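Reproduced below: data_5.cif, with mmCIF, C-alpha atoms and all ligand atoms.
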data_my_file
loop_
_atom_site.group_PDB
_atom_site.id
_atom_site.type_symbol
_atom_site.label_atom_id
_atom_site.label_comp_id
_atom_site.auth_asym_id
_atom_site.auth_seq_id
_atom_site.Cartn_x
_atom_site.Cartn_y
_atom_site.Cartn_z
ATOM 1 C CA MET W 189 -49.841 -8.656 77.189
ATOM 2 C CA ILE W 190 -47.802 -11.485 75.662
ATOM 3 C CA ARG W 191 -48.161 -14.705 77.660
ATOM 4 C CA PRO W 192 -47.718 -18.488 77.177
ATOM 5 C CA ILE W 193 -50.748 -20.319 75.818
ATOM 6 C CA VAL W 194 -52.950 -22.405 78.124
ATOM 7 C CA PRO W 195 -55.404 -25.197 77.157
ATOM 8 C CA ASP W 196 -58.393 -22.856 77.550
ATOM 9 C CA ASP W 197 -56.991 -20.690 74.714
ATOM 10 C CA ILE W 198 -57.390 -23.379 72.040
ATOM 11 C CA ALA W 199 -60.884 -22.396 70.821
ATOM 12 C CA ALA W 200 -59.985 -18.702 70.668
ATOM 13 C CA ILE W 201 -56.708 -19.393 68.810
ATOM 14 C CA LEU W 202 -58.553 -21.500 66.219
ATOM 15 C CA ALA W 203 -61.246 -18.823 65.792
ATOM 16 C CA LEU W 204 -58.603 -16.101 65.458
ATOM 17 C CA THR W 205 -56.689 -18.087 62.846
ATOM 18 C CA GLN W 206 -59.846 -18.852 60.890
ATOM 19 C CA SER W 207 -60.871 -15.185 60.948
ATOM 20 C CA THR W 208 -57.866 -14.224 58.794
ATOM 21 C CA ASN W 209 -59.386 -16.094 55.802
ATOM 22 C CA VAL W 210 -55.866 -17.073 54.759
ATOM 23 C CA PHE W 211 -55.943 -20.703 55.832
ATOM 24 C CA GLN W 212 -57.750 -23.698 54.358
ATOM 25 C CA PRO W 213 -60.048 -25.746 56.630
ATOM 26 C CA TYR W 214 -57.517 -28.600 56.680
ATOM 27 C CA GLU W 215 -54.872 -26.160 57.947
ATOM 28 C CA ILE W 216 -57.133 -25.152 60.830
ATOM 29 C CA ASP W 217 -57.578 -28.871 61.601
ATOM 30 C CA THR W 218 -53.799 -29.239 61.521
ATOM 31 C CA LEU W 219 -53.428 -26.336 63.935
ATOM 32 C CA GLU W 220 -55.909 -27.964 66.310
ATOM 33 C CA ALA W 221 -53.825 -31.163 66.235
ATOM 34 C CA VAL W 222 -50.635 -29.143 66.767
ATOM 35 C CA LEU W 223 -52.133 -27.475 69.847
ATOM 36 C CA ASP W 224 -53.391 -30.789 71.226
ATOM 37 C CA ASP W 225 -49.931 -32.319 70.741
ATOM 38 C CA TYR W 226 -48.377 -29.259 72.354
ATOM 39 C CA PHE W 227 -50.286 -29.750 75.591
ATOM 40 C CA ARG W 228 -49.881 -33.538 75.455
ATOM 41 C CA GLU W 229 -46.100 -33.656 75.023
ATOM 42 C CA ASN W 230 -44.471 -31.130 72.689
ATOM 43 C CA SER W 231 -44.253 -28.344 75.240
ATOM 44 C CA GLU W 232 -41.768 -30.604 76.971
ATOM 45 C CA LEU W 233 -39.787 -31.020 73.743
ATOM 46 C CA ASP W 234 -38.982 -27.278 73.545
ATOM 47 C CA HIS W 235 -41.957 -26.295 71.410
ATOM 48 C CA ARG W 236 -43.112 -22.840 72.517
ATOM 49 C CA SER W 237 -46.194 -20.735 71.925
ATOM 50 C CA VAL W 238 -47.537 -17.408 73.127
ATOM 51 C CA VAL W 239 -50.594 -15.244 72.599
ATOM 52 C CA PHE W 240 -51.042 -11.494 72.624
ATOM 53 C CA ALA W 241 -54.092 -10.853 74.795
ATOM 54 C CA GLU W 242 -55.935 -7.655 75.574
ATOM 55 C CA ARG W 243 -58.175 -8.066 78.573
ATOM 56 C CA ASP W 244 -59.664 -11.506 77.799
ATOM 57 C CA GLU W 245 -59.422 -11.294 74.029
ATOM 58 C CA ILE W 246 -56.698 -13.072 72.062
ATOM 59 C CA ILE W 247 -55.613 -10.945 69.120
ATOM 60 C CA GLY W 248 -52.269 -12.520 68.230
ATOM 61 C CA PHE W 249 -50.647 -15.939 68.300
ATOM 62 C CA VAL W 250 -47.215 -17.415 67.620
ATOM 63 C CA TYR W 251 -45.952 -21.011 67.630
ATOM 64 C CA HIS W 252 -42.342 -22.061 67.068
ATOM 65 C CA ALA W 253 -39.998 -24.950 67.728
ATOM 66 C CA PRO W 254 -36.420 -26.096 67.300
ATOM 67 C CA GLU W 255 -35.743 -28.358 64.330
ATOM 68 C CA GLU W 256 -34.860 -31.906 65.264
ATOM 69 C CA MET W 257 -31.427 -33.132 64.135
ATOM 70 C CA THR W 258 -30.040 -29.580 63.965
ATOM 71 C CA ILE W 259 -27.931 -27.416 66.236
ATOM 72 C CA GLY W 260 -29.528 -24.027 66.672
ATOM 73 C CA SER W 261 -32.112 -24.009 63.874
ATOM 74 C CA TRP W 262 -35.643 -22.975 64.841
ATOM 75 C CA THR W 263 -38.743 -22.664 62.697
ATOM 76 C CA LEU W 264 -41.774 -20.421 63.053
ATOM 77 C CA TRP W 265 -44.806 -22.639 62.511
ATOM 78 C CA TRP W 266 -47.579 -20.061 62.906
ATOM 79 C CA ILE W 267 -47.979 -16.322 63.324
ATOM 80 C CA VAL W 268 -51.432 -14.750 63.287
ATOM 81 C CA VAL W 269 -52.793 -11.287 64.052
ATOM 82 C CA HIS W 270 -56.524 -10.502 64.152
ATOM 83 C CA PRO W 271 -57.579 -8.990 60.787
ATOM 84 C CA GLU W 272 -58.847 -5.803 62.448
ATOM 85 C CA ARG W 273 -55.498 -5.339 64.180
ATOM 86 C CA GLN W 274 -53.158 -6.066 61.264
ATOM 87 C CA GLY W 275 -50.841 -3.366 59.965
ATOM 88 C CA GLN W 276 -50.377 -1.784 63.403
ATOM 89 C CA GLY W 277 -47.032 -3.318 64.338
ATOM 90 C CA LEU W 278 -48.378 -6.225 66.345
ATOM 91 C CA GLY W 279 -47.006 -8.916 64.015
ATOM 92 C CA ARG W 280 -43.564 -7.318 64.145
ATOM 93 C CA LYS W 281 -43.761 -7.266 67.950
ATOM 94 C CA LEU W 282 -44.813 -10.929 68.157
ATOM 95 C CA LEU W 283 -42.096 -12.015 65.728
ATOM 96 C CA ALA W 284 -39.433 -10.090 67.650
ATOM 97 C CA TYR W 285 -40.667 -11.731 70.854
ATOM 98 C CA ALA W 286 -40.459 -15.175 69.225
ATOM 99 C CA GLU W 287 -36.945 -14.547 67.882
ATOM 100 C CA ALA W 288 -35.738 -13.385 71.308
ATOM 101 C CA ASP W 289 -37.411 -16.383 72.940
ATOM 102 C CA ALA W 290 -35.768 -18.779 70.461
ATOM 103 C CA ARG W 291 -32.379 -17.128 71.002
ATOM 104 C CA THR W 292 -32.771 -17.523 74.765
ATOM 105 C CA HIS W 293 -33.353 -21.231 74.158
ATOM 106 C CA GLY W 294 -30.302 -21.719 71.951
ATOM 107 C CA ALA W 295 -31.407 -20.676 68.472
ATOM 108 C CA ALA W 296 -28.709 -19.402 66.145
ATOM 109 C CA ARG W 297 -30.899 -19.061 63.073
ATOM 110 C CA TYR W 298 -34.598 -18.814 62.406
ATOM 111 C CA PHE W 299 -36.570 -20.167 59.460
ATOM 112 C CA ILE W 300 -40.055 -19.454 58.157
ATOM 113 C CA GLU W 301 -41.735 -21.491 55.450
ATOM 114 C CA THR W 302 -44.571 -20.237 53.310
ATOM 115 C CA SER W 303 -46.316 -20.810 50.020
ATOM 116 C CA SER W 304 -45.694 -19.031 46.725
ATOM 117 C CA LEU W 305 -49.434 -18.585 46.082
ATOM 118 C CA PRO W 306 -50.647 -14.985 45.535
ATOM 119 C CA VAL W 307 -52.776 -15.057 48.719
ATOM 120 C CA TYR W 308 -49.534 -15.163 50.735
ATOM 121 C CA GLU W 309 -47.975 -12.092 49.078
ATOM 122 C CA PRO W 310 -48.744 -9.824 52.093
ATOM 123 C CA THR W 311 -47.246 -12.442 54.380
ATOM 124 C CA ARG W 312 -44.096 -12.625 52.238
ATOM 125 C CA GLN W 313 -43.842 -8.818 52.350
ATOM 126 C CA PHE W 314 -44.115 -8.994 56.130
ATOM 127 C CA TYR W 315 -41.157 -11.400 56.334
ATOM 128 C CA LEU W 316 -39.035 -9.258 54.006
ATOM 129 C CA ARG W 317 -39.894 -6.121 56.030
ATOM 130 C CA THR W 318 -38.890 -7.844 59.260
ATOM 131 C CA GLY W 319 -35.399 -8.750 58.083
ATOM 132 C CA TYR W 320 -35.810 -12.170 56.465
ATOM 133 C CA THR W 321 -34.290 -13.192 53.152
ATOM 134 C CA LEU W 322 -35.504 -15.875 50.796
ATOM 135 C CA ASN W 323 -33.085 -18.755 51.351
ATOM 136 C CA ALA W 324 -34.573 -21.575 49.266
ATOM 137 C CA THR W 325 -37.416 -22.451 46.940
ATOM 138 C CA VAL W 326 -38.763 -25.983 46.754
ATOM 139 C CA THR W 327 -40.641 -26.168 43.478
ATOM 140 C CA ASP W 328 -44.176 -27.650 43.461
ATOM 141 C CA TYR W 329 -43.775 -28.682 47.113
ATOM 142 C CA TYR W 330 -47.355 -28.025 48.265
ATOM 143 C CA ASN W 331 -48.934 -28.697 44.881
ATOM 144 C CA ALA W 332 -48.185 -28.228 41.191
ATOM 145 C CA GLY W 333 -47.500 -24.506 40.851
ATOM 146 C CA ASP W 334 -47.372 -23.992 44.618
ATOM 147 C CA ASP W 335 -43.755 -23.773 45.771
ATOM 148 C CA LYS W 336 -42.444 -23.851 49.329
ATOM 149 C CA LEU W 337 -40.450 -20.684 50.063
ATOM 150 C CA ILE W 338 -38.012 -20.822 52.971
ATOM 151 C CA TYR W 339 -37.065 -17.513 54.570
ATOM 152 C CA ARG W 340 -34.136 -17.186 56.961
ATOM 153 C CA LYS W 341 -32.706 -14.791 59.525
ATOM 154 C CA GLY W 342 -29.489 -15.243 61.501
ATOM 155 C CA LEU W 343 -29.975 -14.660 65.229
ATOM 156 C CA VAL W 344 -26.332 -14.360 66.325
HETATM 157 C C1 LIG H 1 -48.578 -11.692 58.546
HETATM 158 C C2 LIG H 1 -49.105 -10.988 59.822
HETATM 159 C C3 LIG H 1 -48.804 -11.840 61.038
HETATM 160 C C4 LIG H 1 -48.390 -9.620 59.944
HETATM 161 O O1 LIG H 1 -48.855 -8.984 61.141
HETATM 162 P P1 LIG H 1 -49.146 -7.404 61.162
HETATM 163 O O2 LIG H 1 -49.460 -7.028 62.558
HETATM 164 O O3 LIG H 1 -50.183 -7.103 60.134
HETATM 165 O O4 LIG H 1 -47.758 -6.796 60.684
HETATM 166 P P2 LIG H 1 -47.082 -5.423 61.196
HETATM 167 O O5 LIG H 1 -48.120 -4.363 61.284
HETATM 168 O O6 LIG H 1 -46.288 -5.690 62.429
HETATM 169 O O7 LIG H 1 -46.115 -5.100 59.970
HETATM 170 C C5 LIG H 1 -44.703 -5.304 60.021
HETATM 171 C C6 LIG H 1 -44.100 -4.923 58.697
HETATM 172 O O8 LIG H 1 -44.614 -5.766 57.665
HETATM 173 C C7 LIG H 1 -45.224 -4.974 56.655
HETATM 174 N N1 LIG H 1 -46.463 -5.574 56.227
HETATM 175 C C8 LIG H 1 -47.409 -6.146 57.031
HETATM 176 N N2 LIG H 1 -48.454 -6.513 56.284
HETATM 177 C C9 LIG H 1 -48.161 -6.148 55.008
HETATM 178 C C10 LIG H 1 -48.878 -6.221 53.791
HETATM 179 N N3 LIG H 1 -50.128 -6.739 53.744
HETATM 180 N N4 LIG H 1 -48.287 -5.772 52.669
HETATM 181 C C11 LIG H 1 -47.052 -5.225 52.708
HETATM 182 N N5 LIG H 1 -46.332 -5.096 53.848
HETATM 183 C C12 LIG H 1 -46.898 -5.562 54.978
HETATM 184 C C13 LIG H 1 -45.568 -3.656 57.314
HETATM 185 O O9 LIG H 1 -45.594 -2.602 56.373
HETATM 186 C C14 LIG H 1 -44.462 -3.492 58.322
HETATM 187 O O10 LIG H 1 -43.331 -2.966 57.723
HETATM 188 P P3 LIG H 1 -42.784 -1.502 58.172
HETATM 189 O O11 LIG H 1 -42.813 -1.492 59.687
HETATM 190 O O12 LIG H 1 -41.415 -1.476 57.607
HETATM 191 O O13 LIG H 1 -43.753 -0.555 57.579
HETATM 192 C C15 LIG H 1 -50.634 -10.709 59.719
HETATM 193 O O14 LIG H 1 -50.880 -9.908 58.593
HETATM 194 C C16 LIG H 1 -51.490 -11.970 59.636
HETATM 195 O O15 LIG H 1 -51.937 -12.493 60.641
HETATM 196 N N6 LIG H 1 -51.744 -12.460 58.409
HETATM 197 C C17 LIG H 1 -52.603 -13.627 58.224
HETATM 198 C C18 LIG H 1 -51.983 -14.894 58.757
HETATM 199 C C19 LIG H 1 -50.682 -15.250 58.060
HETATM 200 O O16 LIG H 1 -50.517 -15.133 56.857
HETATM 201 N N7 LIG H 1 -49.722 -15.745 58.870
HETATM 202 C C20 LIG H 1 -48.433 -16.190 58.367
HETATM 203 C C21 LIG H 1 -48.429 -17.641 57.967
HETATM 204 S S1 LIG H 1 -48.460 -18.709 59.392
#

As structure tokens, please, write out the structure in this file.
Ligand SMILES: CC(C)(COP(=O)(O)OP(=O)(O)OC[C@H]1O[C@@H](n2cnc3c(N)ncnc32)[C@H](O)[C@@H]1OP(=O)(O)O)[C@@H](O)C(=O)NCCC(=O)NCCS
Amino acid sequence: MIRPIVPDDIAAILALTQSTNVFQPYEIDTLEAVLDDYFRENSELDHRSVVFAERDEIIGFVYHAPEEMTIGSWTLWWIVVHPERQGQGLGRKLLAYAEADARTHGAARYFIETSSLPVYEPTRQFYLRTGYTLNATVTDYYNAGDDKLIYRKGLV
């Protein structure tokens, strides 16, 4: 079942994200701050987030938001599937849900940013397999030798 996140989900979302072993500790801290801000005010500024839950267990999570100072540009901030459930179509389902949700709320195009580091190669393959194209590369953005890659998909 895909449903909007609630404050009681925060601990499970952080544990799920950590369990992928893709993210640095500071990124998990950032996610915690993002979720706190979401419930404090950002949910009222069109930020949106859902989980995929089976019974009481959260096995997938998505967070996205419109870009300020744009007309119709949305960005996926986070997408996570439990490591034991990856490769079974759940990420594709969550991303499709997010794109449809963004479109319903006025999105015309959807962006995803990621790192050029080797650890993100599977993630980059996932974006290419779900219809995204590499739109821009910002050299050394995250660190020397760690570029920001911006993927894009038109929604209209
Ligand atoms: C990226 C992620 C969300 C993908 O979810 P998933 O459920 O494993 O992906 P799906 O099973 O829906 O796969 C969708 C497509 O992507 C492809 N894909 C997924 N993982 C892949 C991998 N490791 N290597 C190559 N292709 C991959 C699949 O082959 C599939 O394509 P197909 O249907 O044409 O065969 C998941 O692997 C994950 O949580 N990764 C760790 C967290 C992360 O990196 N998040 C993104 C940054 S916020």

May I have the protein, DNA and RNA residues with an atom at most 12 Å from (-50.0, -27.1, 68.0), counting all atoms listed in the file in the file's coordinates, returned as an mmCIF file with C-alpha atoms, in the frame of the given file?
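File written: part_7.cif
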data_model
loop_
_atom_site.group_PDB
_atom_site.id
_atom_site.type_symbol
_atom_site.label_atom_id
_atom_site.label_comp_id
_atom_site.auth_asym_id
_atom_site.auth_seq_id
_atom_site.Cartn_x
_atom_site.Cartn_y
_atom_site.Cartn_z
ATOM 1 C CA ILE W 193 -50.748 -20.319 75.818
ATOM 2 C CA VAL W 194 -52.950 -22.405 78.124
ATOM 3 C CA PRO W 195 -55.404 -25.197 77.157
ATOM 4 C CA ASP W 197 -56.991 -20.690 74.714
ATOM 5 C CA ILE W 198 -57.390 -23.379 72.040
ATOM 6 C CA ILE W 201 -56.708 -19.393 68.810
ATOM 7 C CA LEU W 202 -58.553 -21.500 66.219
ATOM 8 C CA GLU W 215 -54.872 -26.160 57.947
ATOM 9 C CA ILE W 216 -57.133 -25.152 60.830
ATOM 10 C CA ASP W 217 -57.578 -28.871 61.601
ATOM 11 C CA THR W 218 -53.799 -29.239 61.521
ATOM 12 C CA LEU W 219 -53.428 -26.336 63.935
ATOM 13 C CA GLU W 220 -55.909 -27.964 66.310
ATOM 14 C CA ALA W 221 -53.825 -31.163 66.235
ATOM 15 C CA VAL W 222 -50.635 -29.143 66.767
ATOM 16 C CA LEU W 223 -52.133 -27.475 69.847
ATOM 17 C CA ASP W 224 -53.391 -30.789 71.226
ATOM 18 C CA ASP W 225 -49.931 -32.319 70.741
ATOM 19 C CA TYR W 226 -48.377 -29.259 72.354
ATOM 20 C CA PHE W 227 -50.286 -29.750 75.591
ATOM 21 C CA ARG W 228 -49.881 -33.538 75.455
ATOM 22 C CA GLU W 229 -46.100 -33.656 75.023
ATOM 23 C CA ASN W 230 -44.471 -31.130 72.689
ATOM 24 C CA SER W 231 -44.253 -28.344 75.240
ATOM 25 C CA HIS W 235 -41.957 -26.295 71.410
ATOM 26 C CA ARG W 236 -43.112 -22.840 72.517
ATOM 27 C CA SER W 237 -46.194 -20.735 71.925
ATOM 28 C CA VAL W 238 -47.537 -17.408 73.127
ATOM 29 C CA PHE W 249 -50.647 -15.939 68.300
ATOM 30 C CA VAL W 250 -47.215 -17.415 67.620
ATOM 31 C CA TYR W 251 -45.952 -21.011 67.630
ATOM 32 C CA HIS W 252 -42.342 -22.061 67.068
ATOM 33 C CA ALA W 253 -39.998 -24.950 67.728
ATOM 34 C CA LEU W 264 -41.774 -20.421 63.053
ATOM 35 C CA TRP W 265 -44.806 -22.639 62.511
ATOM 36 C CA TRP W 266 -47.579 -20.061 62.906
ATOM 37 C CA ILE W 267 -47.979 -16.322 63.324
#

Contact residues around Tyr298 of chain W with only C-alpha atoms at 10 Å, ignoring same-chain residues under 5 positions, as a ChimeraX atom specification: /W:252-255,260-264,286-287,290-291,320,339-343

Residues at most 8 Å from ligand LIG 1 (chain H), using all atoms listed in the file? Could they come as a count of residues only? 36

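The spacing separating atom CA of Ala284 of chain W from atom CA of Asp196 of chain W amounts to 24.9 Å.
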
Rounded to one decimal, what separation in Å do you get between atom CA of Pro192 of chain W and atom CA of Val239 of chain W?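 Straight-line distance from atom CA of Pro192 of chain W to atom CA of Val239 of chain W works out to 6.3 Å.
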
Under the PyMOL selection byres (((chain W and resi 189) around 7) and not hetatm), which residues of this model are included? Write them out as a ChimeraX atom specification. /W:190-191,240-242

So what do you get for atom CA of Ser303 of chain W versus atom CA of Lys336 of chain W, distance-wise?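 Those two atoms sit 5.0 Å apart.
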
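Checking W:Ala199, W:Val344, W:Val307, W:Ala295 one by one against Ile246 of chain W, counting only C-alpha atoms, you find the shortest gap at W:Ala199.
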
Evaluate the PyMOL selection byres (((chain W and resi 337) around 9) and not hetatm) here and jot the selected residues down as an MDAnalysis selection string. chainID W and resid 300:304 322:327 335:336 338:339

Return as JSON the centre and edge lengths, in Å with one decimal, of the box along x, y and z that encloses every atom of segment 241-260 of chain W in the file, padded by 4 Å per side.
{"center_x": -43.8, "center_y": -20.4, "center_z": 71.3, "size_x": 39.7, "size_y": 33.5, "size_z": 22.6}
